[in-house]
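Worksheet: the structure to be examined is printed underneath.
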Amino acid sequence: MNAWKTTAVAVVAFVLVFFGGCTDNGPGVFAPSLGSKTVTKYVAIGNSLTAGYQSNGLYQSAQIYSYPNLIAGQLKLAGATLGTFEQPLYSDPGTPGADGKASRYEIISLVGPVIGPRGLAPGSPLNLSLARPYDNLGIPGAVIFDFLDSASFASKAVPPRSNPLFALILRSAALGNSVFAQAKALHPDLVTFWLGNNDVLGYATSGGVSPAAPTSLAAFTYLYSQAVDSLRAALPNASIVVANIPDVTTIAFFTTLGPHIAAAVAASGAPFRYQKHGETGVASGNTTFTEATPPLICLTGSAYAPLLGQPTGKWYRDKGYPSLPAGIDTTKPFGFHPQNPWPDALVLDADEQAVAATAVAGFNSAIATAAQAKNAVVVDINAFFAGVKANGYFWAGEEFTSEYVKGGLFSLDGVHPSSRGSGVLANQFIKKMNERLGTKLSYVDISALPGIPAGLSKEGNAIPIIPPEAFQELELLWGSR
Amino acid sequence: MTRVQLFAGVLTATLFLANHTLAGGFQLNEHGARAMAQGGAFAARASDGSAIYFNPAGLGFQSDASVYAGITTISPTISFYGPVESDPGVKTSMVSQTFTPFNVYLVAPVTDRLVVGIGAYNPFGLGTEWPNGWAGRFLTTKVDLKTYFVTPTASYRLTDQLSIGAGLNYVMGSVMLGQDLAVSSVDLPTSPHVSVSMHATGVGYNVGLLYKPLDVLSVGASYRGSVKLDAKGNVSFNPDYAALALPTGGVNTTIKLPATGFVGVAWTPMKDLQVEADYQFIGWSSYDQLTLHFAADNSETVAPKNYQDTYMLRVGGEYTMDAFHFRAGYVYDHSPVKTEYVDPLLPDANRNGVSLGLGYDITSHLSVDAAYFYLKFDQRVAVNTIPQTSFDGTYTSHAHLASVDFGYRF
């Protein structure tokens, strides 16, 4: 009996010592925190990407998922006393286009599919009477020049800018006569700054036509460093986080139609004829999409892609040409004949891509230099999107890609992020802030954000059809400055 | 360029169910309360009906016809902290479940040297269930894998010291998988819930050898070949949005259960005391990927697993006093799952287990064995999980197991 008792005692002792009971000790409590930082005011400066512009419009149900608003939410979870993060909210269906109707794209039909504005009466501003500047100073269409520009906001609503959103968002010079002045007046201790995209995007999305060149590198470098210097001088103790500019070829706007057209071209056996940079008549562009850098087809061409091979002058009618340009013969098969080519404005050819790539590389170098000089943190959005384009982006079993609509990251205009895409962007900012500012912010739960609204009664088709007039807004935003 | 590519393409095969797995480390080690009470260190003795599992050669030394049957309850407690991708501080507890593998063994001597038997038992199984709507719902909400082995066995005692044995494994299995389907683009009123239900059959073998060079020493070795299970069944989606063109209907896969081998040494240092130490090899590298094939659109998903071959160490002993048998044991189970492949379908980790048990001879024919086993998983930190998983965090797990078996000797 003693042997049994001894054995039993030894075994029980072994169990207790070795396992310390049956409790599972977790990894310890994670409490979001601001680290050594104090954040009482956060101001976001930028363009449409910052404004929460989605699917070709600015509207409340997208603005509430702007990446700055999502970041503000995570800051509050970590104890930041921000109060309400004020945005220039605009009720659904959002801001009007040139025709006075809401410009927002929706999925009108999954048969086709047809994507575009519904012709609805626009919404109205909801927060105009706020007696101070907005915390979200993202202005769709803003270029780097606009940050310090103190010209009257109303002057940008008329040609050549034709952009009423400066006046809508900045409202009164009494609140500050520039984006910078309004940001400064808020005395933020955290600023995110993401400008510069439109200095190359307008060139790229217009097929290198309007404007015919990106902002010059010298001008950009000067304006950007002036902007960051001004911010630092005005806010010596603030945390300043800037984001760089993604390669334009990563956006769905340029990656959607190309494969469809390449397939049609391969099926026809004839090469695709397109106008190279600056050509207005007979085209010299000629491709089967097999070269190393094939031309990128703009999403603006979606209404014309189904007409490939047909005798058509739709492009010239839609654009209101009084007469056909010299050398053009619309009885020739569209896109397959040098005399009825795919128009220059709907394609970013290899030379134009090189111009855009050079601009992006130069701009990003200028951004890095300016940020380093003034102790600003850089979020490398460019590297992030390059990774997404190559490998997709995974989140807890959900896969996102840069593909149009189905990839989940881009809204229906193929340029601006969806709500989930905004969450992904917010997390890139948060990740960098945690790395560099010592904060311990939790991340935005991407899967809790809404997807693109869609009726789900019918099957979709391969080529999205977007009415040509639907792109007027994009052209107005970026077309000239 | 199929008609539905643009929108239904969100669900294309490369993404759809890409994370499904039947999990790893899903070997069960409870095949008889007597062996379980000794950490499963039993291959060098194999002195009851569970020899059919541990070492078929053990039957050759059994002179009586017998029945040995029982049941085990397994009650795991598993928690996840994370995901790091959103909030590492959130704790999610797995839905509490109890599993009940069973064992039945019949042994019948044919001649003095030839003994046959048949057994039914569950060598592989797994069940995990996470709460509805939890952060990992696009990876898994439920896994239920059961296998039933039926093993006719024959053993021949070549000499008074040496016996050999072999068995044929007829394997039936069932697999249920549940998860929510991630549709990354459009907004759905409800994410479709995916349910996969499959049945499988397969055939394998096992062989063994038991050698008793001295009265106080025995050595055993056994090997169970891998079993290829062909699983077929159905996948359904709720709600099943027509526009998404989901591949409702037939689904099939092949699961290769790993080969495993035991080597053990048992020693009788004093009268009424037996101790044994075993090494078990498990060829988990057979589980390198899982491919699900969907009949509706002839698509496939491939989930990389890349499990590693692994081992378990088992020690145990039994002290007999009159009609009572006091037992204890210890197990170390090395995880086959590499860190980057850890996922919530089976958050595997290295495990340490201790067992205690008691046997009682009610009559000279009838006996009962009871065992308790406490299994503690090392805290498992999943970092840099593969892209398809992208679910980093920390898992903590333990399990209580209890088993009872009745034996009757004719």
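Labels used: A, B, ... for chains in the order of the structure tokens, numbers from 1 for residues in each chain, and numbers from 1 for ligands as shown.
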
Expected answer as a PyMOL selection string: strand (DSSP E or B) residues in range 281-332 of chain B: chain B and resi 281-282+289-294+299-304+310-321+324-332

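Within range 115-286 of chain B, the backbone-based DSSP assignment of helix (DSSP H, G or I) covers Ala242, Ala243, Leu244, Trp284, Ser285 and Ser286 of chain B.
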
Written file, previous selection with C-alpha atoms, as an mmCIF file, in the first residue's frame:
data_model
loop_
_atom_site.group_PDB
_atom_site.id
_atom_site.type_symbol
_atom_site.label_atom_id
_atom_site.label_comp_id
_atom_site.auth_asym_id
_atom_site.auth_seq_id
_atom_site.Cartn_x
_atom_site.Cartn_y
_atom_site.Cartn_z
ATOM 1 C CA ALA B 242 -27.956 33.099 -58.019
ATOM 2 C CA ALA B 243 -25.852 36.002 -59.266
ATOM 3 C CA LEU B 244 -22.784 34.584 -57.579
ATOM 4 C CA TRP B 284 2.312 13.753 -41.396
ATOM 5 C CA SER B 285 4.304 14.934 -44.399
ATOM 6 C CA SER B 286 1.756 12.954 -46.404
#

Ser103 in chain A surroundings by only C-alpha atoms, 7 Å radius, close-in-sequence under 2 positions cut, as a list of chain:residue names: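 Non-adjacent residues within range: A:Asn56, A:Gly57, A:Thr95, A:Pro96, A:Gly97, A:Lys101, A:Tyr105, A:Pro117.
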
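Closest to Pro188 in chain A among A:Ile71, A:Tyr42, A:Leu223, A:Gly207 is A:Tyr42, based on only C-alpha atoms.
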
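Between chain B and the candidates A:Asp146, A:Glu106, A:Asp329, A:Glu86, the tightest atom-to-atom separation, counting only C-alpha atoms, involves A:Glu106.
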
Surrounding residues of Ala43 in chain B excluding itself and chain neighbours under 2 positions, 6 Å, only C-alpha atoms, as a PyMOL selection string: chain B and resi 45-46+54-55+220+264

Shell of 12 Å around Tyr307 in chain B, only C-alpha atoms, local chain residues under 6 positions omitted, as a list in words: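 Surrounding residues, per the criterion: Thr21, Leu22, Ala23, Gly24, Gly25, Phe26, Lys256, Leu257, Pro258, Ile282, Gly283, Trp284, Ser285, Ser286, Tyr287, Asp288, Gln289, Leu290, His334, Ser335, Pro336, Val337, Lys338, Thr339, Glu340, Tyr341, Val342 and Asp348 of chain B.
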
Residues within 6 Å of range 410-418 of chain A, only C-alpha atoms, excluding chain neighbours under 4 positions, as a PyMOL selection string: chain A and resi 54-56+251-253+404+422

Of the listed residues A:Asp149, A:Asp318, A:Asp135, A:Asp199, that which approaches Asn177 in chain A most closely, counting only C-alpha atoms: A:Asp149

Shortest interatomic distance to chain A - which of B:Thr190, B:Ser299, B:Ser79, B:Ser197, counting only C-alpha atoms: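 Closest candidate: B:Ser79.
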
Interatomic distance, CA of Leu137 in chain A to CA of Ile64 in chain A (Å, one decimal): 13.9 Å

Atomic distance CA of Thr73 in chain B - CA of Ser93 in chain B, expressed in Å with one decimal: 19.7 Å

Test item: residues at most 7 Å from Val242 in chain A, only C-alpha atoms, excluding those fewer than 2 positions along its chain, as a PyMOL selection string: chain A and resi 192-194+240+244+376-379

Output the selection as a PDB file, in the first residue's frame - N, CA and C atoms for each residue.
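The resulting result.pdb:
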ATOM      1  N   THR A 192      -2.386  63.981 -41.104  1.00  0.00           N
ATOM      2  CA  THR A 192      -2.022  63.134 -42.234  1.00  0.00           C
ATOM      3  C   THR A 192      -2.120  63.981 -43.490  1.00  0.00           C
ATOM      4  N   PHE A 193      -1.185  63.783 -44.380  1.00  0.00           N
ATOM      5  CA  PHE A 193      -1.045  64.643 -45.561  1.00  0.00           C
ATOM      6  C   PHE A 193      -0.821  63.746 -46.764  1.00  0.00           C
ATOM      7  N   TRP A 194      -1.805  63.724 -47.659  1.00  0.00           N
ATOM      8  CA  TRP A 194      -1.675  62.867 -48.844  1.00  0.00           C
ATOM      9  C   TRP A 194      -2.140  63.643 -50.070  1.00  0.00           C
ATOM     10  N   ILE A 240       3.436  64.419 -38.012  1.00  0.00           N
ATOM     11  CA  ILE A 240       3.022  64.601 -39.402  1.00  0.00           C
ATOM     12  C   ILE A 240       3.277  63.302 -40.158  1.00  0.00           C
ATOM     13  N   ASN A 244       2.911  58.533 -49.868  1.00  0.00           N
ATOM     14  CA  ASN A 244       3.411  58.798 -51.213  1.00  0.00           C
ATOM     15  C   ASN A 244       2.407  58.329 -52.260  1.00  0.00           C
ATOM     16  N   ALA A 376       8.838  64.062 -40.750  1.00  0.00           N
ATOM     17  CA  ALA A 376       7.503  63.521 -41.028  1.00  0.00           C
ATOM     18  C   ALA A 376       7.646  62.040 -41.386  1.00  0.00           C
ATOM     19  N   VAL A 377       6.650  61.270 -41.025  1.00  0.00           N
ATOM     20  CA  VAL A 377       6.647  59.828 -41.294  1.00  0.00           C
ATOM     21  C   VAL A 377       6.035  59.596 -42.668  1.00  0.00           C
ATOM     22  N   VAL A 378       6.637  58.686 -43.464  1.00  0.00           N
ATOM     23  CA  VAL A 378       6.117  58.407 -44.803  1.00  0.00           C
ATOM     24  C   VAL A 378       5.444  57.032 -44.841  1.00  0.00           C
ATOM     25  N   VAL A 379       4.202  57.012 -45.268  1.00  0.00           N
ATOM     26  CA  VAL A 379       3.508  55.747 -45.523  1.00  0.00           C
ATOM     27  C   VAL A 379       3.739  55.395 -46.988  1.00  0.00           C
TER      28      VAL A 379
END

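Shortest atom-to-atom contact with Ile362 in chain B among B:Tyr408, B:Phe237, B:Tyr68, B:Tyr105: B:Tyr408, counting only C-alpha atoms.
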
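Residue nearest chain A, chosen from B:Met36, B:Val315, B:Val354, B:Ala266 and counting only C-alpha atoms: B:Val354.
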
Interatomic distance, CA of Val241 in chain A to CA of Val191 in chain A (Å, one decimal): 6.1 Å
